Amino acid sequence: QVQLVESGGGLVQPGGSLRLSCVASGRIFRLYGMGWYRQAPGKQRVLVATITSGGSTNYADFVKGRFTISRDSANNTVYLQMNSLKSEDTAVYYCYAYGSRWDSWGQGTQVTVSS
């Protein structure tokens, strides 16, 4: 099994920044990619950004130009730098990782954007 542990969430004012981190541990076999999803109250979980083992990235339109995903492959860690945060970015952010025959989710970290 692969365990994912997120950190870095919290309360921030509109226009502020946060950096989320997610570390994968356990029986990691052929980690193909990692990413972030989010779920706002009363809404479905949606993709925010992903990054492959080769470094290719994909972003949801609503975060393009504001969020940046990166990874430290040597330490099986993925980051999400979030800038220019808006109130609508408030959600629980979940880390996601996948390989050839497995995937795993983290427990989630709360991000609240409010003045």
# chains A, B, ... in the order shown; residues from 1 in each chain; ligands from 1
>>> select_by_dssp(residues="chain A", states="strand (DSSP E)", output="JSON, numbers by chain")
{"A": [2, 3, 4, 5, 6, 7, 10, 11, 12, 18, 19, 20, 21, 22, 23, 24, 25, 26, 33, 34, 35, 36, 37, 38, 39, 46, 47, 48, 49, 50, 51, 52, 57, 58, 59, 67, 68, 69, 70, 71, 72, 77, 78, 79, 80, 81, 82, 91, 92, 93, 94, 95, 96, 97, 98, 103, 104, 105, 109, 110, 111, 112, 113]}
>>> residues_around(residues="Tyr94 (chain A)", least_positions_apart="3", cutoff="7 Å", atoms="only C-alpha atoms", output="mmCIF file with N, CA, C and O atoms, in the first residue's frame")
data_model
loop_
_atom_site.group_PDB
_atom_site.id
_atom_site.type_symbol
_atom_site.label_atom_id
_atom_site.label_comp_id
_atom_site.auth_asym_id
_atom_site.auth_seq_id
_atom_site.Cartn_x
_atom_site.Cartn_y
_atom_site.Cartn_z
ATOM 1 N N TRP A 36 -3.120 16.913 -7.404
ATOM 2 C CA TRP A 36 -3.991 17.492 -6.393
ATOM 3 C C TRP A 36 -5.411 17.628 -6.937
ATOM 4 O O TRP A 36 -5.603 18.039 -8.094
ATOM 5 N N TYR A 37 -6.358 17.280 -6.087
ATOM 6 C CA TYR A 37 -7.764 17.497 -6.353
ATOM 7 C C TYR A 37 -8.297 18.339 -5.194
ATOM 8 O O TYR A 37 -7.668 18.456 -4.151
ATOM 9 N N ARG A 38 -9.473 18.892 -5.383
ATOM 10 C CA ARG A 38 -10.093 19.616 -4.280
ATOM 11 C C ARG A 38 -11.592 19.401 -4.278
ATOM 12 O O ARG A 38 -12.199 19.116 -5.305
ATOM 13 N N TRP A 105 -5.062 7.903 -2.345
ATOM 14 C CA TRP A 105 -5.498 9.247 -1.975
ATOM 15 C C TRP A 105 -5.005 9.577 -0.575
ATOM 16 O O TRP A 105 -4.932 8.711 0.293
ATOM 17 N N GLY A 106 -4.729 10.845 -0.366
ATOM 18 C CA GLY A 106 -4.421 11.318 0.965
ATOM 19 C C GLY A 106 -5.693 11.632 1.722
ATOM 20 O O GLY A 106 -6.804 11.525 1.191
ATOM 21 N N GLN A 107 -5.532 12.032 2.984
ATOM 22 C CA GLN A 107 -6.670 12.324 3.844
ATOM 23 C C GLN A 107 -7.251 13.708 3.580
ATOM 24 O O GLN A 107 -8.395 13.985 3.958
ATOM 25 N N GLY A 108 -6.470 14.558 2.952
ATOM 26 C CA GLY A 108 -6.945 15.896 2.653
ATOM 27 C C GLY A 108 -6.442 16.935 3.638
ATOM 28 O O GLY A 108 -6.208 16.619 4.815
ATOM 29 N N THR A 109 -6.291 18.151 3.146
ATOM 30 C CA THR A 109 -5.899 19.271 3.999
ATOM 31 C C THR A 109 -6.795 20.459 3.659
ATOM 32 O O THR A 109 -7.031 20.751 2.490
#
>>> closest_atom_pairs(of="region 56-83 of chain A", to="region 3-7 of chain A", cutoff="10 Å", atoms="only C-alpha atoms", output="Markdown table")
| residue | atom | partner | partner_atom | distance |
| --- | --- | --- | --- | --- |
| A:Asn76 | CA | A:Leu4 | CA | 9.7 |
| A:Thr77 | CA | A:Leu4 | CA | 9.2 |
| A:Val78 | CA | A:Glu6 | CA | 9.3 |
| A:Tyr79 | CA | A:Glu6 | CA | 9.4 |
>>> write_last_selection(atoms="C-alpha atoms", output="PDB file, in the first residue's frame")
ATOM      1  CA  ASN A  76       8.299  10.989  -3.690  1.00  0.00           C
ATOM      2  CA  THR A  77       6.965  14.411  -2.824  1.00  0.00           C
ATOM      3  CA  VAL A  78       4.638  16.702  -4.736  1.00  0.00           C
ATOM      4  CA  TYR A  79       4.020  20.379  -4.049  1.00  0.00           C
TER       5      TYR A  79
END
>>> select_by_dssp(residues="chain A", states="helix (DSSP H, G or I)", output="list in words")
Asp61, Phe62, Val63, Ser73, Ala74, Asn75, Ser87, Glu88 and Asp89 of chain A
>>> closest_residue(among="A:Leu47, A:Ala97, A:Ala40, A:Ala91", to="Val23 (chain A)", atoms="only C-alpha atoms")
A:Ala97
>>> closest_residue(among="A:Thr112, A:Gln81, A:Ser87, A:Asn75", to="Ala24 (chain A)", atoms="only C-alpha atoms")
A:Asn75
>>> closest_residue(among="A:Ser17, A:Ser53, A:Ser25, A:Ser100", to="Arg66 (chain A)", atoms="only C-alpha atoms")
A:Ser17
>>> closest_residue(among="A:Asp61, A:Asp103, A:Asp72, A:Asp89", to="Gly9 (chain A)", atoms="only C-alpha atoms")
A:Asp89
>>> closest_residue(among="A:Leu20, A:Val46, A:Leu80, A:Ile51", to="Tyr32 (chain A)", atoms="only C-alpha atoms")
A:Ile51
>>> closest_residue(among="A:Pro41, A:Arg101, A:Gln110, A:Gln1", to="Gly26 (chain A)", atoms="only C-alpha atoms")
A:Gln1
>>> decode(residues="region 28-59 of chain A", atoms="N, CA, C and O atoms", output="mmCIF file, in the first residue's frame")
data_model
loop_
_atom_site.group_PDB
_atom_site.id
_atom_site.type_symbol
_atom_site.label_atom_id
_atom_site.label_comp_id
_atom_site.auth_asym_id
_atom_site.auth_seq_id
_atom_site.Cartn_x
_atom_site.Cartn_y
_atom_site.Cartn_z
ATOM 1 N N ILE A 28 5.829 1.648 -2.886
ATOM 2 C CA ILE A 28 5.644 2.422 -4.104
ATOM 3 C C ILE A 28 6.302 1.697 -5.267
ATOM 4 O O ILE A 28 7.504 1.496 -5.286
ATOM 5 N N PHE A 29 5.502 1.307 -6.234
ATOM 6 C CA PHE A 29 6.005 0.611 -7.410
ATOM 7 C C PHE A 29 5.618 1.387 -8.655
ATOM 8 O O PHE A 29 4.457 1.563 -8.951
ATOM 9 N N ARG A 30 6.619 1.840 -9.366
ATOM 10 C CA ARG A 30 6.412 2.575 -10.609
ATOM 11 C C ARG A 30 5.413 3.705 -10.408
ATOM 12 O O ARG A 30 4.282 3.656 -10.901
ATOM 13 N N LEU A 31 5.842 4.713 -9.679
ATOM 14 C CA LEU A 31 5.020 5.896 -9.459
ATOM 15 C C LEU A 31 4.960 6.687 -10.758
ATOM 16 O O LEU A 31 5.951 7.269 -11.187
ATOM 17 N N TYR A 32 3.814 6.702 -11.406
ATOM 18 C CA TYR A 32 3.685 7.354 -12.702
ATOM 19 C C TYR A 32 3.384 8.839 -12.580
ATOM 20 O O TYR A 32 3.827 9.641 -13.402
ATOM 21 N N GLY A 33 2.607 9.186 -11.590
ATOM 22 C CA GLY A 33 2.240 10.577 -11.463
ATOM 23 C C GLY A 33 1.625 10.898 -10.126
ATOM 24 O O GLY A 33 1.235 10.002 -9.377
ATOM 25 N N MET A 34 1.578 12.173 -9.843
ATOM 26 C CA MET A 34 0.952 12.664 -8.621
ATOM 27 C C MET A 34 0.159 13.914 -8.955
ATOM 28 O O MET A 34 0.375 14.542 -10.000
ATOM 29 N N GLY A 35 -0.736 14.246 -8.063
ATOM 30 C CA GLY A 35 -1.529 15.431 -8.343
ATOM 31 C C GLY A 35 -2.338 15.879 -7.160
ATOM 32 O O GLY A 35 -2.239 15.318 -6.062
ATOM 33 N N TRP A 36 -3.120 16.913 -7.404
ATOM 34 C CA TRP A 36 -3.991 17.492 -6.393
ATOM 35 C C TRP A 36 -5.411 17.628 -6.937
ATOM 36 O O TRP A 36 -5.603 18.039 -8.094
ATOM 37 N N TYR A 37 -6.358 17.280 -6.087
ATOM 38 C CA TYR A 37 -7.764 17.497 -6.353
ATOM 39 C C TYR A 37 -8.297 18.339 -5.194
ATOM 40 O O TYR A 37 -7.668 18.456 -4.151
ATOM 41 N N ARG A 38 -9.473 18.892 -5.383
ATOM 42 C CA ARG A 38 -10.093 19.616 -4.280
ATOM 43 C C ARG A 38 -11.592 19.401 -4.278
ATOM 44 O O ARG A 38 -12.199 19.116 -5.305
ATOM 45 N N GLN A 39 -12.160 19.551 -3.086
ATOM 46 C CA GLN A 39 -13.604 19.384 -2.920
ATOM 47 C C GLN A 39 -14.116 20.480 -2.017
ATOM 48 O O GLN A 39 -13.758 20.539 -0.832
ATOM 49 N N ALA A 40 -14.948 21.316 -2.576
ATOM 50 C CA ALA A 40 -15.579 22.385 -1.805
ATOM 51 C C ALA A 40 -16.872 21.847 -1.196
ATOM 52 O O ALA A 40 -17.442 20.867 -1.687
ATOM 53 N N PRO A 41 -17.362 22.473 -0.131
ATOM 54 C CA PRO A 41 -18.596 22.002 0.518
ATOM 55 C C PRO A 41 -19.753 21.916 -0.468
ATOM 56 O O PRO A 41 -20.022 22.865 -1.208
ATOM 57 N N GLY A 42 -20.395 20.754 -0.496
ATOM 58 C CA GLY A 42 -21.541 20.565 -1.354
ATOM 59 C C GLY A 42 -21.236 20.362 -2.818
ATOM 60 O O GLY A 42 -22.150 20.299 -3.645
ATOM 61 N N LYS A 43 -19.957 20.238 -3.145
ATOM 62 C CA LYS A 43 -19.568 20.069 -4.542
ATOM 63 C C LYS A 43 -18.759 18.790 -4.722
ATOM 64 O O LYS A 43 -18.272 18.200 -3.776
ATOM 65 N N GLN A 44 -18.605 18.389 -5.983
ATOM 66 C CA GLN A 44 -17.834 17.197 -6.292
ATOM 67 C C GLN A 44 -16.334 17.492 -6.231
ATOM 68 O O GLN A 44 -15.903 18.638 -6.368
ATOM 69 N N ARG A 45 -15.582 16.434 -6.036
ATOM 70 C CA ARG A 45 -14.124 16.552 -6.061
ATOM 71 C C ARG A 45 -13.677 16.772 -7.514
ATOM 72 O O ARG A 45 -14.114 16.073 -8.423
ATOM 73 N N VAL A 46 -12.805 17.754 -7.709
ATOM 74 C CA VAL A 46 -12.355 18.093 -9.057
ATOM 75 C C VAL A 46 -10.834 18.163 -9.116
ATOM 76 O O VAL A 46 -10.174 18.432 -8.117
ATOM 77 N N LEU A 47 -10.323 17.921 -10.299
ATOM 78 C CA LEU A 47 -8.898 17.972 -10.503
ATOM 79 C C LEU A 47 -8.399 19.422 -10.423
ATOM 80 O O LEU A 47 -9.036 20.334 -10.957
ATOM 81 N N VAL A 48 -7.253 19.593 -9.775
ATOM 82 C CA VAL A 48 -6.611 20.908 -9.711
ATOM 83 C C VAL A 48 -5.373 20.912 -10.613
ATOM 84 O O VAL A 48 -5.234 21.766 -11.484
ATOM 85 N N ALA A 49 -4.487 19.954 -10.373
ATOM 86 C CA ALA A 49 -3.253 19.886 -11.167
ATOM 87 C C ALA A 49 -2.637 18.507 -11.018
ATOM 88 O O ALA A 49 -2.788 17.868 -9.967
ATOM 89 N N THR A 50 -1.937 18.066 -12.061
ATOM 90 C CA THR A 50 -1.220 16.804 -12.013
ATOM 91 C C THR A 50 0.162 16.964 -12.630
ATOM 92 O O THR A 50 0.398 17.890 -13.417
ATOM 93 N N ILE A 51 1.043 16.050 -12.257
ATOM 94 C CA ILE A 51 2.394 16.039 -12.827
ATOM 95 C C ILE A 51 2.836 14.598 -12.985
ATOM 96 O O ILE A 51 2.649 13.778 -12.085
ATOM 97 N N THR A 52 3.385 14.276 -14.150
ATOM 98 C CA THR A 52 3.819 12.915 -14.420
ATOM 99 C C THR A 52 5.270 12.720 -13.994
ATOM 100 O O THR A 52 5.978 13.679 -13.673
ATOM 101 N N SER A 53 5.709 11.474 -14.051
ATOM 102 C CA SER A 53 7.092 11.178 -13.705
ATOM 103 C C SER A 53 8.064 11.875 -14.655
ATOM 104 O O SER A 53 9.199 12.171 -14.285
ATOM 105 N N GLY A 54 7.577 12.150 -15.862
ATOM 106 C CA GLY A 54 8.420 12.850 -16.827
ATOM 107 C C GLY A 54 8.398 14.350 -16.687
ATOM 108 O O GLY A 54 9.120 15.055 -17.404
ATOM 109 N N GLY A 55 7.560 14.839 -15.797
ATOM 110 C CA GLY A 55 7.504 16.270 -15.542
ATOM 111 C C GLY A 55 6.402 17.014 -16.285
ATOM 112 O O GLY A 55 6.272 18.230 -16.147
ATOM 113 N N SER A 56 5.592 16.298 -17.047
ATOM 114 C CA SER A 56 4.485 16.956 -17.742
ATOM 115 C C SER A 56 3.414 17.363 -16.747
ATOM 116 O O SER A 56 3.065 16.582 -15.856
ATOM 117 N N THR A 57 2.911 18.563 -16.917
ATOM 118 C CA THR A 57 1.915 19.080 -15.985
ATOM 119 C C THR A 57 0.589 19.358 -16.693
ATOM 120 O O THR A 57 0.537 19.577 -17.904
ATOM 121 N N ASN A 58 -0.449 19.336 -15.880
ATOM 122 C CA ASN A 58 -1.795 19.632 -16.371
ATOM 123 C C ASN A 58 -2.517 20.415 -15.292
ATOM 124 O O ASN A 58 -2.430 20.056 -14.107
ATOM 125 N N TYR A 59 -3.203 21.482 -15.680
ATOM 126 C CA TYR A 59 -3.894 22.329 -14.718
ATOM 127 C C TYR A 59 -5.353 22.523 -15.102
ATOM 128 O O TYR A 59 -5.691 22.611 -16.289
#
